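*Asks:* Provided below: structure.cif, containing mmCIF, C-alpha atoms and all ligand atoms.
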```cif
data_data
loop_
_atom_site.group_PDB
_atom_site.id
_atom_site.type_symbol
_atom_site.label_atom_id
_atom_site.label_comp_id
_atom_site.auth_asym_id
_atom_site.auth_seq_id
_atom_site.Cartn_x
_atom_site.Cartn_y
_atom_site.Cartn_z
ATOM 1 C CA MET A 12 0.000 0.000 0.000
ATOM 2 C CA SER A 13 1.396 3.401 -0.844
ATOM 3 C CA LEU A 14 0.670 6.525 1.143
ATOM 4 C CA PRO A 15 -1.763 9.044 -0.302
ATOM 5 C CA GLU A 16 -0.446 12.524 -1.056
ATOM 6 C CA PRO A 17 -2.023 15.398 0.918
ATOM 7 C CA VAL A 18 -3.210 18.238 -1.315
ATOM 8 C CA THR A 19 -1.663 21.002 0.807
ATOM 9 C CA ALA A 20 2.001 21.747 1.513
ATOM 10 C CA ALA A 21 1.266 21.923 5.255
ATOM 11 C CA GLY A 22 -0.408 18.524 5.060
ATOM 12 C CA ARG A 23 2.526 16.989 3.200
ATOM 13 C CA GLN A 24 4.834 18.425 5.859
ATOM 14 C CA GLY A 25 2.587 17.033 8.600
ATOM 15 C CA LEU A 26 2.582 13.542 7.128
ATOM 16 C CA ALA A 27 6.338 13.599 6.556
ATOM 17 C CA ALA A 28 6.917 14.670 10.177
ATOM 18 C CA LEU A 29 4.626 11.924 11.432
ATOM 19 C CA LEU A 30 6.445 9.260 9.430
ATOM 20 C CA ALA A 31 9.899 10.517 10.363
ATOM 21 C CA ASP A 32 9.047 10.346 14.075
ATOM 22 C CA PRO A 33 6.008 8.094 14.624
ATOM 23 C CA GLY A 34 6.758 7.859 18.355
ATOM 24 C CA GLY A 35 5.833 11.532 18.686
ATOM 25 C CA ALA A 36 2.570 11.321 16.758
ATOM 26 C CA LEU A 37 -0.941 11.810 18.081
ATOM 27 C CA ILE A 38 -3.450 9.916 15.911
ATOM 28 C CA ALA A 39 -6.966 11.157 16.729
ATOM 29 C CA VAL A 40 -10.055 9.938 14.916
ATOM 30 C CA ASP A 41 -13.745 10.653 15.100
ATOM 31 C CA TYR A 42 -16.066 7.622 15.410
ATOM 32 C CA ASP A 43 -19.322 7.938 13.412
ATOM 33 C CA GLY A 44 -18.754 8.390 9.699
ATOM 34 C CA THR A 45 -15.010 8.015 10.221
ATOM 35 C CA LEU A 46 -14.317 4.658 11.901
ATOM 36 C CA ALA A 47 -17.881 3.447 11.426
ATOM 37 C CA PRO A 48 -20.245 3.904 8.472
ATOM 38 C CA ILE A 49 -23.242 6.161 9.150
ATOM 39 C CA VAL A 50 -26.312 4.014 9.758
ATOM 40 C CA ASP A 51 -29.968 4.813 10.413
ATOM 41 C CA ARG A 52 -29.822 3.538 13.986
ATOM 42 C CA PRO A 53 -26.950 4.975 16.063
ATOM 43 C CA ALA A 54 -26.937 1.879 18.286
ATOM 44 C CA GLU A 55 -25.876 -0.201 15.287
ATOM 45 C CA ALA A 56 -22.885 1.863 14.147
ATOM 46 C CA HIS A 57 -20.297 -0.891 14.159
ATOM 47 C CA PRO A 58 -16.720 -0.112 13.133
ATOM 48 C CA ALA A 59 -15.732 -0.704 9.518
ATOM 49 C CA PRO A 60 -13.990 -4.064 8.991
ATOM 50 C CA GLY A 61 -10.376 -3.796 10.130
ATOM 51 C CA ALA A 62 -10.783 -0.398 11.826
ATOM 52 C CA VAL A 63 -10.217 -1.596 15.384
ATOM 53 C CA ALA A 64 -7.340 -3.874 14.380
ATOM 54 C CA ALA A 65 -5.658 -1.003 12.538
ATOM 55 C CA LEU A 66 -5.923 1.288 15.592
ATOM 56 C CA ALA A 67 -4.570 -1.502 17.789
ATOM 57 C CA ALA A 68 -1.616 -2.053 15.465
ATOM 58 C CA LEU A 69 -0.879 1.666 15.370
ATOM 59 C CA ALA A 70 -1.127 2.277 19.126
ATOM 60 C CA PRO A 71 2.284 0.865 20.170
ATOM 61 C CA ARG A 72 4.037 2.714 17.324
ATOM 62 C CA VAL A 73 2.849 6.246 18.112
ATOM 63 C CA ALA A 74 2.580 8.596 21.115
ATOM 64 C CA MET A 75 -1.181 8.197 21.409
ATOM 65 C CA VAL A 76 -4.180 6.801 19.549
ATOM 66 C CA ALA A 77 -7.428 8.495 20.532
ATOM 67 C CA ILE A 78 -11.054 8.382 19.468
ATOM 68 C CA VAL A 79 -12.601 11.856 19.753
ATOM 69 C CA THR A 80 -16.370 11.642 19.585
ATOM 70 C CA GLY A 81 -19.648 13.185 20.611
ATOM 71 C CA ARG A 82 -20.806 9.798 21.845
ATOM 72 C CA PRO A 83 -20.505 8.792 25.477
ATOM 73 C CA VAL A 84 -17.528 6.532 26.192
ATOM 74 C CA HIS A 85 -19.648 3.484 26.992
ATOM 75 C CA ALA A 86 -21.371 3.668 23.604
ATOM 76 C CA VAL A 87 -18.020 3.468 21.814
ATOM 77 C CA LEU A 88 -16.630 0.775 24.107
ATOM 78 C CA ARG A 89 -19.625 -1.411 23.311
ATOM 79 C CA PHE A 90 -18.534 -1.480 19.664
ATOM 80 C CA LEU A 91 -14.836 -2.111 20.220
ATOM 81 C CA ASP A 92 -14.595 -5.478 21.958
ATOM 82 C CA LEU A 93 -11.491 -4.342 23.839
ATOM 83 C CA GLU A 94 -10.586 -7.726 25.253
ATOM 84 C CA GLN A 95 -9.973 -9.149 21.818
ATOM 85 C CA VAL A 96 -7.588 -6.415 20.821
ATOM 86 C CA ASP A 97 -4.418 -6.249 22.923
ATOM 87 C CA GLY A 98 -3.045 -3.023 21.509
ATOM 88 C CA LEU A 99 -6.088 -1.071 22.591
ATOM 89 C CA ALA A 100 -5.044 -1.162 26.237
ATOM 90 C CA ASP A 101 -3.467 2.253 25.540
ATOM 91 C CA LEU A 102 -6.430 3.648 23.664
ATOM 92 C CA VAL A 103 -7.832 6.975 24.839
ATOM 93 C CA ILE A 104 -11.464 7.817 24.140
ATOM 94 C CA ALA A 105 -12.512 11.436 24.507
ATOM 95 C CA GLY A 106 -16.281 10.919 24.751
ATOM 96 C CA HIS A 107 -18.925 13.663 24.818
ATOM 97 C CA TYR A 108 -16.423 15.982 23.126
ATOM 98 C CA GLY A 109 -13.943 15.318 25.909
ATOM 99 C CA LEU A 110 -16.354 15.848 28.779
ATOM 100 C CA GLU A 111 -15.936 12.166 29.486
ATOM 101 C CA ARG A 112 -12.701 10.230 29.044
ATOM 102 C CA PHE A 113 -11.593 6.630 28.862
ATOM 103 C CA VAL A 114 -7.931 6.343 29.721
ATOM 104 C CA GLY A 115 -5.843 3.533 31.205
ATOM 105 C CA GLY A 116 -8.849 1.247 31.006
ATOM 106 C CA ARG A 117 -11.078 3.491 33.154
ATOM 107 C CA THR A 118 -13.800 6.027 32.400
ATOM 108 C CA GLU A 119 -13.615 9.435 34.077
ATOM 109 C CA ALA A 120 -16.706 11.621 33.904
ATOM 110 C CA PRO A 121 -17.842 14.837 35.531
ATOM 111 C CA LEU A 122 -21.495 15.465 36.445
ATOM 112 C CA PRO A 123 -23.863 16.572 33.681
ATOM 113 C CA GLU A 124 -24.725 20.265 33.352
ATOM 114 C CA PRO A 125 -28.016 21.279 35.049
ATOM 115 C CA GLY A 126 -29.249 22.743 31.734
ATOM 116 C CA VAL A 127 -29.314 19.236 30.275
ATOM 117 C CA GLY A 128 -31.834 18.188 32.934
ATOM 118 C CA GLN A 129 -34.018 21.220 32.190
ATOM 119 C CA ALA A 130 -33.971 20.497 28.463
ATOM 120 C CA ARG A 131 -34.687 16.817 29.116
ATOM 121 C CA ALA A 132 -37.848 17.786 31.000
ATOM 122 C CA ARG A 133 -39.124 20.083 28.249
ATOM 123 C CA LEU A 134 -38.146 18.256 25.044
ATOM 124 C CA PRO A 135 -40.834 15.526 24.979
ATOM 125 C CA ALA A 136 -43.617 18.146 24.911
ATOM 126 C CA MET A 137 -41.759 20.115 22.226
ATOM 127 C CA LEU A 138 -41.341 17.055 20.031
ATOM 128 C CA ALA A 139 -44.891 15.774 20.506
ATOM 129 C CA ASP A 140 -46.033 17.278 17.181
ATOM 130 C CA ALA A 141 -42.836 16.515 15.253
ATOM 131 C CA PRO A 142 -43.080 14.335 12.104
ATOM 132 C CA ALA A 143 -42.959 10.550 12.476
ATOM 133 C CA GLY A 144 -39.404 9.236 12.625
ATOM 134 C CA VAL A 145 -38.037 12.161 14.637
ATOM 135 C CA SER A 146 -36.387 10.736 17.738
ATOM 136 C CA LEU A 147 -34.639 11.915 20.868
ATOM 137 C CA GLU A 148 -31.378 10.360 22.045
ATOM 138 C CA ASP A 149 -30.415 10.977 25.666
ATOM 139 C CA LYS A 150 -26.623 10.906 25.941
ATOM 140 C CA GLY A 151 -26.562 11.901 29.596
ATOM 141 C CA HIS A 152 -24.384 14.986 29.092
ATOM 142 C CA SER A 153 -26.349 16.084 26.054
ATOM 143 C CA LEU A 154 -29.606 15.495 24.174
ATOM 144 C CA VAL A 155 -29.767 14.766 20.465
ATOM 145 C CA VAL A 156 -32.755 15.177 18.176
ATOM 146 C CA HIS A 157 -32.475 12.870 15.135
ATOM 147 C CA THR A 158 -34.475 13.414 11.934
ATOM 148 C CA ARG A 159 -32.751 10.880 9.663
ATOM 149 C CA GLN A 160 -35.693 8.485 9.849
ATOM 150 C CA ALA A 161 -38.334 11.134 9.098
ATOM 151 C CA ALA A 162 -39.899 11.176 5.616
ATOM 152 C CA GLU A 163 -38.117 14.483 4.914
ATOM 153 C CA PRO A 164 -35.038 14.543 7.192
ATOM 154 C CA ALA A 165 -33.709 17.948 6.107
ATOM 155 C CA GLY A 166 -37.129 19.613 6.229
ATOM 156 C CA ALA A 167 -37.916 18.139 9.641
ATOM 157 C CA LEU A 168 -34.588 19.356 11.010
ATOM 158 C CA ALA A 169 -35.052 22.836 9.557
ATOM 159 C CA ALA A 170 -38.566 23.067 11.039
ATOM 160 C CA LEU A 171 -37.421 22.047 14.512
ATOM 161 C CA THR A 172 -34.191 24.037 14.642
ATOM 162 C CA PRO A 173 -35.550 27.486 15.688
ATOM 163 C CA ALA A 174 -37.481 26.165 18.706
ATOM 164 C CA LEU A 175 -34.662 23.829 19.750
ATOM 165 C CA THR A 176 -32.128 26.629 19.470
ATOM 166 C CA GLU A 177 -34.327 28.858 21.608
ATOM 167 C CA LEU A 178 -34.723 26.137 24.222
ATOM 168 C CA ALA A 179 -30.970 25.568 24.274
ATOM 169 C CA GLY A 180 -30.393 29.269 24.874
ATOM 170 C CA GLU A 181 -32.928 29.374 27.711
ATOM 171 C CA VAL A 182 -31.244 26.560 29.642
ATOM 172 C CA GLY A 183 -27.645 27.628 28.969
ATOM 173 C CA LEU A 184 -26.835 25.057 26.295
ATOM 174 C CA VAL A 185 -25.970 25.397 22.622
ATOM 175 C CA ALA A 186 -27.735 23.715 19.708
ATOM 176 C CA ALA A 187 -25.043 22.137 17.524
ATOM 177 C CA PRO A 188 -26.045 20.849 14.061
ATOM 178 C CA GLY A 189 -24.773 17.657 12.410
ATOM 179 C CA ARG A 190 -25.933 15.157 9.805
ATOM 180 C CA PHE A 191 -29.725 15.217 10.294
ATOM 181 C CA VAL A 192 -29.200 15.841 13.992
ATOM 182 C CA LEU A 193 -29.317 18.779 16.352
ATOM 183 C CA GLU A 194 -27.501 18.303 19.628
ATOM 184 C CA LEU A 195 -28.253 20.344 22.741
ATOM 185 C CA ARG A 196 -25.094 20.384 24.814
ATOM 186 C CA PRO A 197 -22.947 22.559 27.072
ATOM 187 C CA GLY A 198 -21.399 25.298 24.967
ATOM 188 C CA ALA A 199 -17.771 25.354 25.959
ATOM 189 C CA ILE A 200 -17.300 21.776 24.853
ATOM 190 C CA ASP A 201 -16.217 20.729 21.390
ATOM 191 C CA LYS A 202 -13.780 18.390 19.706
ATOM 192 C CA GLY A 203 -11.236 21.205 19.426
ATOM 193 C CA GLY A 204 -10.964 21.463 23.211
ATOM 194 C CA ALA A 205 -10.778 17.696 23.496
ATOM 195 C CA LEU A 206 -7.996 17.518 20.907
ATOM 196 C CA ARG A 207 -6.025 20.353 22.516
ATOM 197 C CA ARG A 208 -5.983 18.496 25.804
ATOM 198 C CA LEU A 209 -4.750 15.303 24.126
ATOM 199 C CA VAL A 210 -1.991 17.197 22.313
ATOM 200 C CA ALA A 211 -0.764 18.570 25.634
ATOM 201 C CA GLU A 212 -1.087 15.268 27.464
ATOM 202 C CA CYS A 213 0.980 13.193 25.073
ATOM 203 C CA GLY A 214 3.407 15.981 24.174
ATOM 204 C CA ALA A 215 2.605 15.429 20.511
ATOM 205 C CA ARG A 216 5.347 16.319 18.037
ATOM 206 C CA SER A 217 2.912 15.776 15.164
ATOM 207 C CA ILE A 218 -0.866 15.347 14.859
ATOM 208 C CA LEU A 219 -3.186 13.551 12.509
ATOM 209 C CA PHE A 220 -6.914 14.136 12.933
ATOM 210 C CA VAL A 221 -9.620 12.398 10.895
ATOM 211 C CA GLY A 222 -13.265 13.486 10.878
ATOM 212 C CA ASP A 223 -16.306 13.556 8.626
ATOM 213 C CA ASP A 224 -18.799 16.107 9.946
ATOM 214 C CA LEU A 225 -19.299 19.736 10.972
ATOM 215 C CA GLY A 226 -18.557 18.875 14.599
ATOM 216 C CA ASP A 227 -15.015 17.993 13.517
ATOM 217 C CA LEU A 228 -14.233 21.496 12.285
ATOM 218 C CA PRO A 229 -13.098 22.738 15.746
ATOM 219 C CA ALA A 230 -10.552 19.888 15.749
ATOM 220 C CA PHE A 231 -9.382 20.949 12.285
ATOM 221 C CA ASP A 232 -9.012 24.474 13.710
ATOM 222 C CA VAL A 233 -6.808 23.127 16.491
ATOM 223 C CA VAL A 234 -4.581 21.200 14.063
ATOM 224 C CA GLU A 235 -4.111 24.423 12.098
ATOM 225 C CA ALA A 236 -3.509 26.496 15.242
ATOM 226 C CA VAL A 237 -0.968 24.035 16.601
ATOM 227 C CA ARG A 238 0.682 23.904 13.197
ATOM 228 C CA ALA A 239 1.097 27.672 13.313
ATOM 229 C CA GLN A 240 2.946 27.132 16.597
ATOM 230 C CA GLY A 241 5.404 24.793 14.881
ATOM 231 C CA VAL A 242 3.928 21.326 15.461
ATOM 232 C CA PRO A 243 3.278 19.681 12.085
ATOM 233 C CA GLY A 244 -0.136 18.180 11.500
ATOM 234 C CA LEU A 245 -2.501 16.707 8.977
ATOM 235 C CA THR A 246 -6.285 17.035 8.717
ATOM 236 C CA VAL A 247 -8.109 14.201 6.985
ATOM 237 C CA CYS A 248 -11.710 14.132 5.775
ATOM 238 C CA SER A 249 -13.608 10.860 5.670
ATOM 239 C CA ALA A 250 -15.697 11.873 2.690
ATOM 240 C CA SER A 251 -19.405 11.280 2.284
ATOM 241 C CA ALA A 252 -22.024 12.535 -0.128
ATOM 242 C CA GLU A 253 -23.845 14.274 2.744
ATOM 243 C CA VAL A 254 -21.275 16.756 4.034
ATOM 244 C CA SER A 255 -18.838 18.822 2.003
ATOM 245 C CA ALA A 256 -17.745 21.481 4.514
ATOM 246 C CA LEU A 257 -14.861 19.360 5.781
ATOM 247 C CA ARG A 258 -13.697 18.197 2.378
ATOM 248 C CA ASP A 259 -12.694 21.718 1.385
ATOM 249 C CA ARG A 260 -10.763 22.270 4.599
ATOM 250 C CA ALA A 261 -8.903 18.940 4.733
ATOM 251 C CA ASP A 262 -5.283 18.323 3.769
ATOM 252 C CA LEU A 263 -6.279 14.859 2.631
ATOM 253 C CA VAL A 264 -9.617 13.353 1.616
ATOM 254 C CA VAL A 265 -10.223 9.610 1.857
ATOM 255 C CA ASP A 266 -13.258 7.621 0.805
ATOM 256 C CA GLY A 267 -15.337 7.140 3.973
ATOM 257 C CA PRO A 268 -14.554 4.673 6.781
ATOM 258 C CA GLU A 269 -13.093 2.153 4.327
ATOM 259 C CA GLY A 270 -10.653 4.783 3.139
ATOM 260 C CA VAL A 271 -9.820 5.629 6.758
ATOM 261 C CA VAL A 272 -9.006 1.987 7.492
ATOM 262 C CA THR A 273 -6.761 1.823 4.440
ATOM 263 C CA LEU A 274 -4.979 5.000 5.587
ATOM 264 C CA LEU A 275 -4.485 3.661 9.117
ATOM 265 C CA ARG A 276 -3.128 0.356 7.772
ATOM 266 C CA THR A 277 -0.737 2.180 5.495
ATOM 267 C CA LEU A 278 0.478 4.244 8.447
ATOM 268 C CA VAL A 279 1.069 1.051 10.453
ATOM 269 C CA GLN A 280 3.319 -0.271 7.686
ATOM 270 C CA SER A 281 5.068 3.042 7.140
ATOM 271 C CA ALA A 282 5.604 3.629 10.861
ATOM 272 C CA ALA A 283 7.006 0.157 11.513
HETATM 273 MG MG MG B 1 -18.510 11.802 12.596
#
```
Could you render the structure from this file as structure tokens?
*Replies:*
Amino acid sequence: MSLPEPVTAAGRQGLAALLADPGGALIAVDYDGTLAPIVDRPAEAHPAPGAVAALAALAPRVAMVAIVTGRPVHAVLRFLDLEQVDGLADLVIAGHYGLERFVGGRTEAPLPEPGVGQARARLPAMLADAPAGVSLEDKGHSLVVHTRQAAEPAGALAALTPALTELAGEVGLVAAPGRFVLELRPGAIDKGGALRRLVAECGARSILFVGDDLGDLPAFDVVEAVRAQGVPGLTVCSASAEVSALRDRADLVVDGPEGVVTLLRTLVQSAA
């Protein structure tokens, strides 16, 4: 397998730095749409074939392998089957955008924001008249309204967004959009903050971040900010037909979770 060529000079520099010194690299990847194909039911988002094995093979060769996701840690752990994959003992999972963390085999979590409880109490009444197929996912630290299974997912989301945004504001949360979802969550939390903390923790000398959705843009921002401070990095987009915002910003575009797995495998070989 040969390595793909990033389209930007900064990306080429980032990849070269990573390969020259894999032991200093932070490899951070989103979960849904990046390690796992997007599916109608979030509870069935299993990793793409080979994804977990590729992360496990990479882990001992680099400074840190981390999954950075909006999902709670336990939801990701359920998909990973950790006991079957030795290398994943070192895996870090920044769940809930870093609000929750799995590190050294243990989950650390702070208490949910009070605003989440207030929104939880009011959302069922608000969604009572929503189109069929609209559903509410309670992630503990945040609440997610899904419209993917509605007859018109985009229209349903657009119709619900003003009221949900207003509710979020009233209880001190923000309404963050994604692929046919709107997530009500504490505002100061995003994948950028989660990634920044990981960079500091592992003393990364290079960074690779892979994402697929709008929620990954703050992590792209961090890669670019850290790059400006002299730490090389590479942003990778796991491309889909649904979202194009990330594609234009990425140093490298790969073809969905399958393309991500191929990239990770190639890195394992190149970083041997
Ligand atoms: Mg994603």
*Asks:* Between atom CA of Val63 of chain A and atom CA of Leu245 of chain A, what is the distance in Å, rounded to a tenth?
*Replies:*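 Calculated distance between atom CA of Val63 of chain A and atom CA of Leu245 of chain A is 20.9 Å.
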*Asks:* Using the chain letters and numbers from the file, which residues does the PyMOL selection byres (((not hetatm)) within 6 of (chain B and resi 1)) grab, as a PDB file with C-alpha atoms, in the coordinates of the input?
*Replies:*
```
ATOM      1  CA  ASP A  41     -13.745  10.653  15.100  1.00  0.00           C
ATOM      2  CA  TYR A  42     -16.066   7.622  15.410  1.00  0.00           C
ATOM      3  CA  ASP A  43     -19.322   7.938  13.412  1.00  0.00           C
ATOM      4  CA  GLY A  44     -18.754   8.390   9.699  1.00  0.00           C
ATOM      5  CA  THR A  45     -15.010   8.015  10.221  1.00  0.00           C
ATOM      6  CA  GLY A 222     -13.265  13.486  10.878  1.00  0.00           C
ATOM      7  CA  ASP A 223     -16.306  13.556   8.626  1.00  0.00           C
ATOM      8  CA  ASP A 224     -18.799  16.107   9.946  1.00  0.00           C
TER       9      ASP A 224
END
```
*Asks:* Pick from A:Ser217, A:Ala141, A:Leu195, A:Gly126: nearest to Asp32 of chain A, with only C-alpha atoms counted?
*Replies:*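 The closest residue to Asp32 of chain A is A:Ser217.
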*Asks:* With distances taken over only C-alpha atoms, which residue among A:Ala39, A:Val182, A:Leu193, A:Val237 lies nearest Leu168 of chain A?
*Replies:*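 Checking each candidate against Leu168 of chain A, we get A:Leu193 as the closest.
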*Asks:* Taking the file as I've supplied it (selection: the PyMOL selection byres (((chain A and resi 89-91) around 7) and not hetatm)), which residues are included? Please answer as a PDB file with C-alpha atoms, in the coordinates of the input.
*Replies:*
```pdb
ATOM      1  CA  HIS A  57     -20.297  -0.891  14.159  1.00  0.00           C
ATOM      2  CA  PRO A  58     -16.720  -0.112  13.133  1.00  0.00           C
ATOM      3  CA  VAL A  63     -10.217  -1.596  15.384  1.00  0.00           C
ATOM      4  CA  HIS A  85     -19.648   3.484  26.992  1.00  0.00           C
ATOM      5  CA  ALA A  86     -21.371   3.668  23.604  1.00  0.00           C
ATOM      6  CA  VAL A  87     -18.020   3.468  21.814  1.00  0.00           C
ATOM      7  CA  LEU A  88     -16.630   0.775  24.107  1.00  0.00           C
ATOM      8  CA  ASP A  92     -14.595  -5.478  21.958  1.00  0.00           C
ATOM      9  CA  LEU A  93     -11.491  -4.342  23.839  1.00  0.00           C
TER      10      LEU A  93
END
```
*Asks:* Between atom CA of Glu55 of chain A and atom CA of Ala256 of chain A, what is the distance in Å, rounded to a tenth?
*Replies:* 25.5 Å
*Asks:* Near segment 99-101 of chain A, counting all atoms listed in the file, which residues have an atom at most 12 Å away, once you skip same-chain residues fewer than 6 positions from it, shown as a list in words?
*Replies:*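 The neighbour list is Ala62, Val63, Ala64, Ala65, Leu66, Ala67, Ala68, Leu69, Ala70, Pro71, Arg72, Val73, Ala74, Met75, Val76, Ala77, Ile78, Leu88, Leu91, Asp92, Leu93, Phe113, Val114, Gly115, Gly116, Arg117 and Cys213 of chain A.
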*Asks:* Would you place a box with edges along x, y and z of the file around all atoms of segment 78-94 of chain A listed there, add 5 Å to each of its six sides, and report the centre and edge lengths in Å to one decimal, as lines of an AutoDock Vina configuration file?
*Replies:*
```
center_x = -16.0
center_y = 2.7
center_z = 23.2
size_x = 20.8
size_y = 30.9
size_z = 17.5
```
*Asks:* Rank A:Pro243, A:Gly270, A:Gly81, A:Gly166 by their smallest atom-to-atom distance to Lys202 of chain A, using all atoms listed in the file, and report the top residue only.
*Replies:*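 With all atoms listed in the file as the atom set, the closest residue is A:Gly81.
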*Asks:* Any chance you could resolve the PyMOL selection byres (((chain A and resi 14) around 9) and not hetatm) against this file and give the residues as a list in words?
*Replies:* Met12, Ser13, Pro15, Glu16, Leu274, Thr277, Leu278 and Ser281 of chain A
*Asks:* Which residues of segment 43-108 of chain A come within 9 Å of segment 148-160 of chain A, and for each one, what is the closest pair of atoms and their distance in Å to one decimal, counting all atoms listed in the file, sorted by chain and residue number, as JSON lines?
*Replies:*
```
{"residue": "A:Asp51", "atom": "CA", "partner": "A:Arg159", "partner_atom": "CA", "distance": 6.7}
{"residue": "A:Arg52", "atom": "CA", "partner": "A:Gln160", "partner_atom": "CA", "distance": 8.7}
{"residue": "A:Arg82", "atom": "CA", "partner": "A:Lys150", "partner_atom": "CA", "distance": 7.2}
{"residue": "A:Pro83", "atom": "CA", "partner": "A:Lys150", "partner_atom": "CA", "distance": 6.5}
{"residue": "A:His107", "atom": "CA", "partner": "A:His152", "partner_atom": "CA", "distance": 7.1}
```
*Asks:* Counting all atoms listed in the file, figure out which residue out of A:Glu177, A:Val233, A:Val79, A:Asp266 gets nearest to Leu134 of chain A.
*Replies:*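 Of A:Glu177, A:Val233, A:Val79, A:Asp266, the one nearest Leu134 of chain A, counting all atoms listed in the file, is A:Glu177.
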*Asks:* Find the residues with any atom within 12 Å of (-6.9, 12.6, -0.4); use all atoms listed in the file and the coordinates as given in the file, and write the answer as a ChimeraX atom specification.
*Replies:* /A:14-19,22-23,221,245-250,258-267,270-271,273-274
*Asks:* Do you know which residues are at most 10 Å from Leu206 of chain A counting only C-alpha atoms, after dropping those on the same chain fewer than 6 positions away, and could you put them as a ChimeraX atom specification?
*Replies:* /A:37,39-40,77-79,105,108-109,212,218,220,229-231,233-234
*Asks:* Go through A:Ser251, A:Thr172, A:Gln129, A:Thr80 one by one, measure the shortest atom-to-atom distance of each to Arg112 of chain A using only C-alpha atoms, and give the residue with the smallest value.
*Replies:* A:Thr80
